Structure formats: C-alpha cells, structure tokens
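Participant: Just one file: model19.cif, with mmCIF, C-alpha atoms.
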data_coords
#
loop_
_atom_site.label_atom_id
_atom_site.label_comp_id
_atom_site.auth_asym_id
_atom_site.auth_seq_id
_atom_site.Cartn_x
_atom_site.Cartn_y
_atom_site.Cartn_z
CA MET A 256 19.93 -19.15 11.43
CA SER A 257 17.71 -22.20 11.15
CA ASP A 258 14.30 -22.41 9.46
CA ILE A 259 14.51 -19.15 7.57
CA ARG A 260 12.92 -19.77 4.20
CA VAL A 261 14.48 -17.89 1.30
CA LEU A 262 13.49 -17.95 -2.36
CA ILE A 263 16.10 -16.71 -4.84
CA VAL A 264 14.93 -15.68 -8.29
CA ASP A 265 17.54 -15.21 -11.01
CA ASP A 266 17.74 -16.25 -14.64
CA GLU A 267 21.48 -16.88 -14.41
CA VAL A 268 21.42 -20.54 -13.48
CA ASP A 269 25.07 -20.73 -12.40
CA PHE A 270 24.65 -17.86 -10.00
CA LEU A 271 21.37 -19.29 -8.75
CA GLU A 272 22.71 -22.77 -8.02
CA THR A 273 25.72 -21.44 -6.17
CA ILE A 274 23.87 -19.00 -3.96
CA VAL A 275 21.20 -21.59 -3.10
CA LYS A 276 23.94 -23.99 -2.05
CA ARG A 277 25.81 -21.37 -0.01
CA LEU A 278 22.63 -20.39 1.81
CA GLN A 279 21.76 -24.02 2.48
CA ASP A 280 25.27 -24.56 3.85
CA ARG A 281 24.52 -21.80 6.34
CA GLY A 282 21.34 -23.44 7.53
CA PHE A 283 18.77 -21.58 5.45
CA ILE A 284 15.91 -23.34 3.72
CA ALA A 285 16.84 -21.96 0.32
CA LYS A 286 15.12 -22.56 -2.98
CA GLY A 287 15.89 -21.23 -6.45
CA ALA A 288 13.56 -20.10 -9.24
CA GLU A 289 14.76 -19.25 -12.74
CA ASN A 290 12.04 -16.75 -13.60
CA GLY A 291 9.13 -14.77 -12.23
CA GLU A 292 6.46 -17.28 -13.19
CA GLN A 293 8.32 -20.09 -11.41
CA ALA A 294 8.77 -17.89 -8.35
CA LEU A 295 5.08 -16.96 -8.12
CA ASP A 296 4.14 -20.61 -8.59
CA TYR A 297 6.46 -21.59 -5.75
CA LEU A 298 5.05 -18.87 -3.48
CA GLN A 299 1.55 -20.12 -4.25
CA HIS A 300 2.37 -23.50 -2.74
CA ASN A 301 5.04 -22.78 -0.13
CA THR A 302 5.65 -20.41 2.75
CA VAL A 303 8.60 -18.10 2.22
CA ASP A 304 10.05 -15.45 4.54
CA THR A 305 12.17 -13.50 2.11
CA VAL A 306 12.57 -13.37 -1.65
CA ILE A 307 15.81 -12.30 -3.29
CA LEU A 308 14.80 -11.06 -6.70
CA ASP A 309 16.85 -10.18 -9.76
CA VAL A 310 15.60 -6.99 -11.41
CA LYS A 311 16.40 -7.86 -15.01
CA MET A 312 14.95 -11.12 -16.23
CA PRO A 313 13.38 -12.29 -19.48
CA GLY A 314 9.62 -12.70 -19.28
CA MET A 315 8.17 -11.01 -16.21
CA ASP A 316 10.78 -8.54 -15.04
CA GLY A 317 11.73 -8.13 -11.40
CA LEU A 318 9.53 -5.09 -10.79
CA GLN A 319 6.45 -6.90 -12.11
CA VAL A 320 7.20 -9.90 -9.91
CA LEU A 321 7.76 -7.59 -6.93
CA GLN A 322 4.43 -5.89 -7.54
CA THR A 323 2.61 -9.22 -7.69
CA ILE A 324 4.31 -10.52 -4.55
CA LYS A 325 3.47 -7.40 -2.52
CA LEU A 326 -0.12 -7.56 -3.74
CA ARG A 327 -0.68 -11.24 -3.00
CA TRP A 328 1.68 -11.84 -0.08
CA PRO A 329 2.28 -8.39 1.42
CA LEU A 330 4.15 -9.75 4.43
CA VAL A 331 6.83 -11.44 2.33
CA GLU A 332 9.86 -9.15 2.22
CA VAL A 333 11.64 -8.75 -1.09
CA ILE A 334 15.30 -7.83 -1.57
CA MET A 335 15.97 -6.65 -5.11
CA LEU A 336 19.31 -7.54 -6.71
CA THR A 337 20.47 -5.45 -9.62
CA GLY A 338 23.43 -5.62 -11.95
CA HIS A 339 22.70 -2.28 -13.57
CA ALA A 340 22.40 0.67 -11.26
CA SER A 341 19.24 2.18 -12.67
CA VAL A 342 18.08 4.94 -10.38
CA GLU A 343 14.63 4.97 -11.95
CA SER A 344 14.04 1.28 -11.31
CA GLY A 345 15.43 1.65 -7.80
CA ILE A 346 12.92 4.38 -7.02
CA GLN A 347 10.10 2.33 -8.49
CA GLY A 348 11.18 -0.77 -6.61
CA MET A 349 11.30 1.01 -3.27
CA GLN A 350 7.89 2.58 -3.97
CA LEU A 351 6.46 -0.82 -4.78
CA GLY A 352 7.48 -1.98 -1.33
CA ALA A 353 10.88 -3.65 -1.76
CA PHE A 354 12.78 -4.07 1.51
CA ASP A 355 16.11 -3.22 -0.07
CA TYR A 356 17.84 -2.64 -3.37
CA VAL A 357 21.24 -4.27 -3.57
CA MET A 358 23.91 -3.88 -6.22
CA LYS A 359 25.45 -6.99 -7.72
CA PRO A 360 27.88 -8.39 -6.89
CA ALA A 361 26.96 -8.31 -3.23
CA ARG A 362 29.12 -9.88 -0.54
CA LEU A 363 27.32 -12.87 0.90
CA ASP A 364 27.84 -11.57 4.44
CA ASP A 365 26.12 -8.30 3.53
CA LEU A 366 23.29 -10.19 1.90
CA LEU A 367 22.91 -12.43 4.96
CA GLN A 368 22.66 -9.35 7.14
CA LYS A 369 19.93 -7.95 4.90
CA ILE A 370 18.05 -11.26 4.90
CA ARG A 371 18.11 -11.28 8.70
CA GLN A 372 16.78 -7.70 8.84
CA ALA A 373 14.07 -8.51 6.31
CA VAL A 374 13.00 -11.56 8.31
CA GLU A 375 12.97 -9.55 11.52
CA ARG A 376 10.74 -6.98 9.84
CA LYS A 377 8.35 -9.71 8.69
CA LYS A 378 8.15 -11.09 12.25
CA LEU A 379 7.51 -7.61 13.70
CA GLN A 380 4.75 -7.04 11.19
CA GLU A 381 3.17 -10.42 11.97
CA GLU A 382 3.28 -9.68 15.70
CA LYS A 383 1.68 -6.30 15.07
CA ILE A 384 -1.17 -7.89 13.14
CA HIS A 385 -1.52 -10.58 15.78
CA ARG A 386 -1.79 -7.95 18.53
CA ALA A 387 -4.32 -5.93 16.54
CA GLN A 388 -6.47 -9.01 16.05
CA ASN A 389 -6.43 -9.85 19.75
CA GLN A 390 -7.44 -6.41 20.95
CA MET B 1089 3.47 16.14 19.78
CA HIS B 1090 5.68 16.51 16.79
CA ALA B 1091 4.74 19.59 14.84
CA SER B 1092 5.51 18.27 11.42
CA GLY B 1093 8.38 17.53 9.10
CA ARG B 1094 8.02 20.67 7.08
CA ASP B 1095 10.54 23.05 8.48
CA MET B 1096 11.59 25.00 5.47
CA ASN B 1097 13.91 27.78 6.27
CA GLN B 1098 16.32 29.63 4.13
CA ASN B 1099 17.69 31.11 7.26
CA PRO B 1100 18.84 28.48 9.74
CA GLN B 1101 18.22 30.78 12.68
CA GLN B 1102 14.46 30.75 12.16
CA GLU B 1103 13.96 27.28 13.61
CA GLN B 1104 10.90 28.03 15.73
CA ALA B 1105 7.67 28.55 13.79
CA PRO B 1106 5.06 30.94 15.21
CA ALA B 1107 1.83 29.46 16.57
CA TRP B 1108 -0.39 30.73 13.77
CA LEU B 1109 1.87 29.04 11.28
CA GLU B 1110 1.61 25.77 13.21
CA ASP B 1111 -2.20 26.01 13.05
CA ASP B 1112 -1.98 26.62 9.37
CA ARG B 1113 0.23 23.59 8.97
CA LEU B 1114 -2.20 21.43 10.92
CA LEU B 1115 -5.01 22.55 8.64
CA GLN B 1116 -2.75 21.79 5.72
CA ALA B 1117 -2.10 18.30 7.10
CA HIS B 1118 -5.85 17.60 7.28
CA LYS B 1119 -6.33 18.88 3.78
CA LEU B 1120 -3.54 16.63 2.57
CA ALA B 1121 -5.04 13.60 4.28
CA ALA B 1122 -8.37 14.25 2.55
CA LEU B 1123 -6.55 14.80 -0.71
CA GLY B 1124 -4.74 11.50 -0.20
CA GLU B 1125 -7.98 9.57 0.09
CA LEU B 1126 -9.48 11.32 -2.89
CA SER B 1127 -6.34 10.62 -4.91
CA ALA B 1128 -6.39 6.92 -4.11
CA GLY B 1129 -10.01 6.61 -5.23
CA LEU B 1130 -9.32 8.59 -8.36
CA ALA B 1131 -6.24 6.55 -9.20
CA HIS B 1132 -8.16 3.28 -8.90
CA GLU B 1133 -10.98 4.56 -11.10
CA ILE B 1134 -8.65 5.86 -13.77
CA ASN B 1135 -6.55 2.72 -13.92
CA ASN B 1136 -9.42 0.70 -15.36
CA PRO B 1137 -10.17 2.84 -18.42
CA LEU B 1138 -6.40 3.21 -18.91
CA ALA B 1139 -6.08 -0.55 -19.12
CA VAL B 1140 -8.86 -0.62 -21.75
CA ILE B 1141 -7.24 2.15 -23.81
CA ARG B 1142 -3.89 0.38 -23.73
CA GLN B 1143 -5.40 -2.95 -24.67
CA GLU B 1144 -7.36 -1.47 -27.59
CA ALA B 1145 -4.29 0.36 -28.88
CA GLU B 1146 -2.29 -2.85 -28.72
CA LEU B 1147 -5.07 -4.71 -30.54
CA LEU B 1148 -5.11 -2.06 -33.28
CA GLY B 1149 -1.37 -2.54 -33.62
CA GLU B 1150 -1.85 -6.27 -34.05
CA LEU B 1151 -4.65 -5.79 -36.61
CA LEU B 1152 -2.36 -3.67 -38.74
CA VAL B 1153 -0.65 -6.66 -40.28
CA PRO B 1154 2.49 -5.88 -42.27
CA GLY B 1155 1.55 -4.76 -45.76
CA ILE B 1156 -1.70 -3.07 -44.82
CA LEU B 1157 0.02 0.15 -43.85
CA GLU B 1158 1.85 0.41 -47.16
CA ARG B 1159 -1.49 0.88 -48.90
CA PHE B 1160 -2.03 4.08 -46.96
CA PRO B 1161 -0.04 7.19 -47.81
CA ASP B 1162 0.21 7.98 -44.08
CA GLY B 1163 0.92 4.42 -42.95
CA GLN B 1164 3.96 5.34 -40.89
CA ASP B 1165 2.04 8.13 -39.14
CA ILE B 1166 -0.65 5.67 -38.09
CA GLN B 1167 1.94 3.46 -36.46
CA ASP B 1168 3.68 6.38 -34.76
CA SER B 1169 0.35 7.63 -33.48
CA LEU B 1170 -0.50 4.26 -31.96
CA ARG B 1171 2.88 4.05 -30.30
CA GLU B 1172 2.38 7.52 -28.85
CA ILE B 1173 -1.03 6.54 -27.43
CA ILE B 1174 0.56 3.62 -25.61
CA ARG B 1175 3.41 5.80 -24.40
CA GLN B 1176 1.04 8.38 -22.96
CA VAL B 1177 -1.10 5.72 -21.32
CA ASP B 1178 2.04 4.47 -19.61
CA ARG B 1179 2.76 8.02 -18.49
CA CYS B 1180 -0.72 8.24 -16.95
CA LYS B 1181 -0.15 4.88 -15.31
CA SER B 1182 3.01 6.11 -13.63
CA ILE B 1183 1.07 9.11 -12.31
CA THR B 1184 -1.75 6.99 -10.86
CA HIS B 1185 0.81 4.60 -9.49
CA ASN B 1186 2.53 7.47 -7.66
CA LEU B 1187 -0.81 8.75 -6.43
CA LEU B 1188 -1.62 5.40 -4.88
CA ASN B 1189 1.77 5.29 -3.29
CA TYR B 1190 1.28 8.78 -1.95
CA ALA B 1191 -2.05 7.89 -0.45
CA ARG B 1192 -1.00 4.56 0.98
CA LYS B 1193 -0.81 4.63 4.73
CA ASN B 1194 2.31 2.76 5.59
CA ASP B 1195 2.49 2.08 9.26
CA PRO B 1196 6.21 2.15 10.02
CA ILE B 1197 7.86 -1.05 11.21
CA ILE B 1198 10.52 0.02 13.66
CA GLN B 1199 13.89 -1.75 13.62
CA ALA B 1200 17.37 -0.86 14.74
CA VAL B 1201 19.15 0.37 11.63
CA ASP B 1202 22.59 1.63 10.73
CA VAL B 1203 21.88 4.93 8.96
CA ASN B 1204 25.37 5.09 7.41
CA GLU B 1205 24.78 1.72 5.80
CA ILE B 1206 21.37 2.72 4.42
CA VAL B 1207 22.73 5.98 3.02
CA GLU B 1208 25.77 4.26 1.49
CA ASP B 1209 23.61 1.56 -0.16
CA MET B 1210 21.49 4.22 -1.83
CA VAL B 1211 24.54 6.27 -2.79
CA ARG B 1212 25.97 3.21 -4.53
CA LEU B 1213 22.74 2.89 -6.48
CA VAL B 1214 23.02 6.41 -7.91
CA GLU B 1215 26.82 6.40 -8.25
CA LYS B 1216 26.94 5.13 -11.81
CA GLU B 1217 24.45 7.66 -13.09
CA ALA B 1218 26.31 10.44 -11.29
CA LYS B 1219 29.57 9.36 -12.92
CA CYS B 1220 27.95 9.22 -16.37
CA ARG B 1221 26.80 12.80 -15.89
CA ASN B 1222 30.18 14.06 -14.67
CA ILE B 1223 28.90 14.60 -11.17
CA LEU B 1224 31.31 14.12 -8.31
CA LEU B 1225 29.77 12.19 -5.43
CA THR B 1226 31.47 12.68 -2.10
CA ARG B 1227 30.74 11.00 1.22
CA ASP B 1228 31.49 12.10 4.72
CA TYR B 1229 29.92 9.73 7.21
CA GLN B 1230 30.47 10.20 10.91
CA ARG B 1231 31.71 6.93 12.34
CA ASP B 1232 30.30 5.18 15.38
CA LEU B 1233 26.85 6.68 15.04
CA PRO B 1234 24.30 4.97 17.25
CA LEU B 1235 21.73 2.67 15.66
CA VAL B 1236 18.49 4.45 14.91
CA PHE B 1237 15.06 2.96 15.56
CA THR B 1238 13.22 3.58 12.35
CA ASP B 1239 11.62 2.01 9.27
CA ALA B 1240 14.48 0.89 7.01
CA PRO B 1241 12.77 0.57 3.60
CA GLN B 1242 10.90 3.84 4.03
CA LEU B 1243 14.12 5.60 4.94
CA ARG B 1244 15.79 4.09 1.86
CA GLN B 1245 12.97 5.46 -0.26
CA VAL B 1246 13.55 8.96 1.12
CA MET B 1247 17.32 8.81 0.63
CA LEU B 1248 17.02 7.54 -2.93
CA ASN B 1249 14.53 10.27 -3.73
CA LEU B 1250 16.70 13.05 -2.33
CA LEU B 1251 19.82 11.69 -4.04
CA ASN B 1252 17.97 11.45 -7.34
CA ASN B 1253 16.69 15.02 -7.00
CA ALA B 1254 20.21 16.23 -6.22
CA ILE B 1255 21.58 14.59 -9.36
CA GLN B 1256 18.70 15.76 -11.54
CA SER B 1257 19.22 19.34 -10.39
CA ILE B 1258 22.68 19.46 -11.92
CA THR B 1259 23.26 20.16 -15.58
CA GLY B 1260 26.86 19.80 -16.66
CA ARG B 1261 29.53 19.21 -14.07
CA GLY B 1262 28.73 19.41 -10.42
CA GLU B 1263 28.99 17.88 -7.02
CA VAL B 1264 26.70 16.01 -4.66
CA ALA B 1265 28.01 15.78 -1.12
CA VAL B 1266 26.44 13.30 1.25
CA SER B 1267 27.17 13.40 4.95
CA THR B 1268 25.88 12.03 8.21
CA ARG B 1269 26.46 13.29 11.70
CA ARG B 1270 25.16 13.30 15.20
CA GLY B 1271 22.81 16.27 15.26
CA GLY B 1272 22.18 16.34 18.99
CA PRO B 1273 21.79 14.04 21.98
CA SER B 1274 18.69 12.41 20.52
CA ASN B 1275 18.99 12.72 16.78
CA LEU B 1276 21.04 12.12 13.66
CA GLU B 1277 21.33 14.20 10.53
CA VAL B 1278 21.74 13.15 6.94
CA ARG B 1279 22.70 15.99 4.66
CA ILE B 1280 22.58 15.93 0.86
CA ARG B 1281 24.11 19.00 -0.73
CA ASP B 1282 24.17 19.64 -4.45
CA THR B 1283 25.68 22.31 -6.66
CA GLY B 1284 22.65 22.21 -8.95
CA CYS B 1285 20.16 24.78 -10.16
CA GLY B 1286 18.83 25.65 -6.71
CA ILE B 1287 15.27 26.61 -5.85
CA ALA B 1288 13.80 30.07 -6.35
CA PRO B 1289 12.76 31.65 -3.03
CA GLU B 1290 9.13 31.87 -4.16
CA TYR B 1291 9.08 28.11 -4.79
CA LEU B 1292 10.84 27.12 -1.61
CA GLU B 1293 7.64 27.02 0.41
CA ARG B 1294 5.88 24.85 -2.11
CA ILE B 1295 8.39 22.15 -2.90
CA PHE B 1296 6.85 19.69 -0.43
CA ASP B 1297 3.34 20.22 -1.79
CA PRO B 1298 1.96 17.30 -3.74
CA PHE B 1299 2.14 17.79 -7.53
CA PHE B 1300 4.39 20.81 -7.24
CA THR B 1301 7.28 20.36 -9.64
CA THR B 1302 9.80 22.54 -11.40
CA LYS B 1303 10.74 19.74 -13.80
CA SER B 1304 9.45 19.79 -17.37
CA PRO B 1305 6.15 18.00 -18.04
CA GLY B 1306 6.59 14.26 -18.01
CA GLN B 1307 9.88 14.49 -16.09
CA GLY B 1308 8.45 14.22 -12.63
CA THR B 1309 5.10 13.79 -10.97
CA GLY B 1310 5.81 16.31 -8.24
CA LEU B 1311 5.21 13.72 -5.56
CA GLY B 1312 8.75 12.64 -4.67
CA LEU B 1313 9.46 15.31 -2.07
CA SER B 1314 5.90 15.24 -0.82
CA ILE B 1315 6.12 11.48 -0.20
CA SER B 1316 9.56 11.85 1.38
CA GLN B 1317 8.37 14.58 3.70
CA LYS B 1318 5.37 12.51 4.71
CA ILE B 1319 7.55 9.49 5.46
CA VAL B 1320 10.09 11.44 7.49
CA ALA B 1321 7.33 13.14 9.51
CA ARG B 1322 5.84 9.72 10.23
CA LEU B 1323 9.24 8.57 11.45
CA GLY B 1324 9.30 11.52 13.86
CA GLY B 1325 11.86 13.51 11.91
CA THR B 1326 12.05 16.61 9.76
CA ILE B 1327 13.35 17.59 6.33
CA ARG B 1328 14.83 21.07 6.01
CA VAL B 1329 16.03 22.74 2.88
CA GLN B 1330 18.41 25.60 2.29
CA SER B 1331 18.80 26.79 -1.24
CA ALA B 1332 20.19 29.59 -3.34
CA LEU B 1333 19.09 29.92 -6.94
CA GLY B 1334 21.90 28.98 -9.30
CA GLN B 1335 24.12 27.76 -6.47
CA GLY B 1336 22.50 24.60 -5.24
CA SER B 1337 20.43 23.14 -2.45
CA THR B 1338 21.03 21.35 0.81
CA PHE B 1339 18.44 18.94 2.17
CA THR B 1340 18.88 17.94 5.79
CA VAL B 1341 16.96 15.00 7.19
CA THR B 1342 16.89 14.86 10.98
CA LEU B 1343 15.92 11.54 12.51
CA PRO B 1344 15.23 10.72 16.15
CA ILE B 1345 17.45 7.94 17.51
CA ASN B 1346 14.92 6.45 19.87
CA GLU B 1347 11.74 4.66 19.16
CA THR B 1348 9.82 7.36 21.04
CA GLY B 1349 10.08 9.64 18.03
CA SER B 1350 7.87 7.44 15.89
CA ASN B 1351 4.43 8.78 16.70
CA HIS B 1352 2.14 7.91 13.86
CA ALA B 1353 0.87 10.67 11.66
#
Turn this file's structure into structure tokens for me.
Facilitator:
Amino acid sequence: MSDIRVLIVDDEVDFLETIVKRLQDRGFIAKGAENGEQALDYLQHNTVDTVILDVKMPGMDGLQVLQTIKLRWPLVEVIMLTGHASVESGIQGMQLGAFDYVMKPARLDDLLQKIRQAVERKKLQEEKIHRAQNQ
Amino acid sequence: MHASGRDMNQNPQQEQAPAWLEDDRLLQAHKLAALGELSAGLAHEINNPLAVIRQEAELLGELLVPGILERFPDGQDIQDSLREIIRQVDRCKSITHNLLNYARKNDPIIQAVDVNEIVEDMVRLVEKEAKCRNILLTRDYQRDLPLVFTDAPQLRQVMLNLLNNAIQSITGRGEVAVSTRRGGPSNLEVRIRDTGCGIAPEYLERIFDPFFTTKSPGQGTGLGLSISQKIVARLGGTIRVQSALGQGSTFTVTLPINETGSNHA
C-alpha cells in the first residue's frame, strides 16, 4: 500500500492526529486538515488520491467542501465520514459525487478497504481518459 | 441490446413487453435525453438570478439594523418575509441542483463490488431515521454472492434513494425489508419491500418519469426514481416495482454480474 496519498479532513484534532498516524504506519502518505479551507488549500498545492471528509464541520461544511473538490479536482475520490446518520445529507453527498458515505465510528480495516477501492476507481478513470486522448 | 430499465409490472408474469411498447420506450428515451440537455441549460441559467436574489435578500437583512424594525408596525413581518424569500430561493436551488444531476452523463466506472456490503452500508445510513420513526428494518442477505462488476458510488446512490423512499412511504409503524439474492446465472437481485402507502395503479406507470411525485410540494423533486432508473439502466440492470395501494411496495433491482452488462445508455 505504498504511495497512496490520503487527505483526512476533520475538526476533531485528536481523531485527526490518530488516524493520520495509523495510516502512515500502514504506509500511506497521509495528511490531516482541520477544516475545509485548509483542505482546499492543501489540494491546491499537492496531489491527493483520496480525501476522507467529515460531514459536520464549523465553517465550510463537508458537503460544500465535497462540491468544491468535485468541481475543481473531479478525479479525486471523496469518502464522507458522518457521525450523525442524516439520510438527507447522505443523498446529497452521493449526488454530489462522493465515492462513499461511511458512518462513524468506522473500523480502520473497513476504511482501508474503501480507500483502496476509491484509489482503484481513480486509476481506472485516469486510464479511461488517457485512452480517450490517445485515440 | 438492453431494452431499458423500466420494467414496471404489477403482475410478475408479464415480464416480456410487446414490440410496440419497446418502440414507445425508445422514443421516450430519446425524449428524456433531449429533456436532460434542456434541463441542464435551464438549471445553469436559473442559478445565476437565484444567486442575485439570495444575495440581495441577505443584504436587505443586513441593512435592517436592530432598532429600525421596531419603528415599523409590521417590523416582524418584514423579517419573516425576508427569511421566507431566502428559504424559497434555497428550495429552487435544490431543484436546479437535482436537474443538473439528472442531466449529468456519468460514464460508469466498472469495479468488482460486493453488493451485500454496499446495501448494508446504505441501510446503516438510514437505520437511525427508521428507528426514530418506529420503522422496523430487516435484512436478509444471501451469503457468498459473487462480486458484481458495476459502478459502486452510482449503485450506492440508487440504494439510498430506494431506502429513503421506502421509509418516507410509511406513516406510523411499519417495516422495510431489504434482501439480496442470486436472481439467475448472470444476475443478482436487491429487493426493498415496504409496508407503506403503496402506489395507485394509475400512477404506477409514471413513477419513473422525471418530476412525477406523489409527495407534497417541497417534499420531493420527483427526480429520485427517475435518476435511479437511469443509473440502473446504464449499469445494464432493471428496476421493477410491485405495489398495492395501502399495503406497500416492493422495488426489485436486478444487476448483471459480468461487465458485459454495462452497455452505455
């Protein structure tokens, strides 16, 4: 699982630090952002494969950040993390192009599996575009 | 060629549609494609004036500094009225947003996915709301189903939509039963059965039409099932519905297992 670049966005700093560390321990290039603005700024300057995004944050909320990411970097896959099972926000998130909507707390193994699937999807999409350009 | 995903039969025996009906459906598909493009253009155009209206209403709100309103006898009404303008603009925004989503041509990205896992993830998302509304959610997943080659996020969108509809259809106590099974040698079935209000026979043929809704104004855009049907058709599958008014509905999504089923609509 080397060189997969993951950005985790969550306003709970304790949660953020721990998950970044656990992902790094497993060989991911993991980076944390404490809010939407920080996340978008990081994406502006760095290449990321998958974003793990908390739905409920002060400032820009997760759905707004998701919308901006899919608009500006459509190939970046976004996994939404939610503590409150709001069906309405789930529907909106999936419509806005989220890869998945995961309930907190999620088992790390499940999350890893989802990250791998999201990264595979990104690669497939990149290959598709590459093929279309070379035709 | 896959006919379409709109097999709607009250009677499960009538699986095969006559040729004239197929032609009609093809015509319908072309009409819908044209409608999709028109909708996208319309949605873009309307979003701009909506943004202006919202901004001006917010500005008015800011100009009404505390104290000013007290000099008017109807001060509170002015504030309520402004709030309502913003609320209705947001309602329009959600409609245009859905329109754009409806029109968007999402080429599926095909991956091997575990359908049970996708269904269960979406069930967990609606579980809390179901519990709050005294709705019993039951699962019956067939084990050892083969992986399906399909588009995972688009399938999640469909499942969430159907689950949400099932829950919304129930007032008072009720049950939503979710099950998966091997439908045949080359496909899987996901079934979502509710004990909700059911669909009147005269509406049954129209429930997949864009903008058709039986919900009260503002409760739904009438695009959920239409989008779901479009997605499933693109994935090479079908959505069928069986319903009896006052007794509930069963939506059955059939998905091809192999990648060959994913001809692009």
Participant: Restricting the calculation to only C-alpha atoms: of B:Pro1344, B:Pro1161, B:Pro1289, B:Pro1196, which residue gets closest to chain A?
Facilitator: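 Looking only at the distances to chain A, the closest residue turns out to be B:Pro1196.
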Participant: Residues of chain A within 8 Å of chain B: nearest atom pair and distance (Å, one decimal) for each, counting only C-alpha atoms, sorted by chain and number, as JSON lines?
Facilitator:
{"residue": "A:Ala340", "atom": "CA", "partner": "B:Leu1213", "partner_atom": "CA", "distance": 5.3}
{"residue": "A:Ser341", "atom": "CA", "partner": "B:Leu1213", "partner_atom": "CA", "distance": 7.1}
{"residue": "A:Val342", "atom": "CA", "partner": "B:Val1214", "partner_atom": "CA", "distance": 5.7}
{"residue": "A:Gly345", "atom": "CA", "partner": "B:Leu1213", "partner_atom": "CA", "distance": 7.5}
{"residue": "A:Ile346", "atom": "CA", "partner": "B:Leu1248", "partner_atom": "CA", "distance": 6.6}
{"residue": "A:Met349", "atom": "CA", "partner": "B:Gln1245", "partner_atom": "CA", "distance": 5.6}
{"residue": "A:Gln350", "atom": "CA", "partner": "B:Asn1189", "partner_atom": "CA", "distance": 6.7}
{"residue": "A:Leu351", "atom": "CA", "partner": "B:Asn1189", "partner_atom": "CA", "distance": 7.8}
{"residue": "A:Gly352", "atom": "CA", "partner": "B:Pro1241", "partner_atom": "CA", "distance": 7.7}
{"residue": "A:Ala353", "atom": "CA", "partner": "B:Pro1241", "partner_atom": "CA", "distance": 7.1}
{"residue": "A:Phe354", "atom": "CA", "partner": "B:Pro1241", "partner_atom": "CA", "distance": 5.1}
{"residue": "A:Asp355", "atom": "CA", "partner": "B:Pro1241", "partner_atom": "CA", "distance": 6.2}
{"residue": "A:Tyr356", "atom": "CA", "partner": "B:Asp1209", "partner_atom": "CA", "distance": 7.8}
{"residue": "A:Val357", "atom": "CA", "partner": "B:Asp1209", "partner_atom": "CA", "distance": 7.2}
{"residue": "A:Met358", "atom": "CA", "partner": "B:Leu1213", "partner_atom": "CA", "distance": 6.9}
{"residue": "A:Arg376", "atom": "CA", "partner": "B:Ile1197", "partner_atom": "CA", "distance": 6.7}
{"residue": "A:Leu379", "atom": "CA", "partner": "B:Ile1197", "partner_atom": "CA", "distance": 7.0}
{"residue": "A:Gln380", "atom": "CA", "partner": "B:Ile1197", "partner_atom": "CA", "distance": 6.7}
Participant: Looking at A:Val310, A:Ala285, A:Thr323, A:Ile334, which one is nearest to Leu366 in chain A, with distances taken over only C-alpha atoms?
Facilitator: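 Checking each candidate against Leu366 in chain A, we get A:Ile334 as the closest.
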Participant: Using the chain letters and numbers from the file, give me the residues hit by the PyMOL selection byres ((chain A and resi 288) around 9), as a PDB file with C-alpha atoms, in the coordinates of the input.
Facilitator:
ATOM      1  CA  LEU A 262      13.490 -17.950  -2.360  1.00  0.00           C
ATOM      2  CA  ILE A 263      16.100 -16.710  -4.840  1.00  0.00           C
ATOM      3  CA  VAL A 264      14.930 -15.680  -8.290  1.00  0.00           C
ATOM      4  CA  ASP A 265      17.540 -15.210 -11.010  1.00  0.00           C
ATOM      5  CA  ASP A 266      17.740 -16.250 -14.640  1.00  0.00           C
ATOM      6  CA  VAL A 268      21.420 -20.540 -13.480  1.00  0.00           C
ATOM      7  CA  LEU A 271      21.370 -19.290  -8.750  1.00  0.00           C
ATOM      8  CA  LYS A 286      15.120 -22.560  -2.980  1.00  0.00           C
ATOM      9  CA  GLY A 287      15.890 -21.230  -6.450  1.00  0.00           C
ATOM     10  CA  GLU A 289      14.760 -19.250 -12.740  1.00  0.00           C
ATOM     11  CA  ASN A 290      12.040 -16.750 -13.600  1.00  0.00           C
ATOM     12  CA  GLY A 291       9.130 -14.770 -12.230  1.00  0.00           C
ATOM     13  CA  GLU A 292       6.460 -17.280 -13.190  1.00  0.00           C
ATOM     14  CA  GLN A 293       8.320 -20.090 -11.410  1.00  0.00           C
ATOM     15  CA  ALA A 294       8.770 -17.890  -8.350  1.00  0.00           C
ATOM     16  CA  TYR A 297       6.460 -21.590  -5.750  1.00  0.00           C
TER      17      TYR A 297
END
Participant: For the atom pair CA of Val374 in chain A and CA of Ser344 in chain A, what is the interatomic distance in Å to one decimal place?
Facilitator: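 The value is 23.5 Å.
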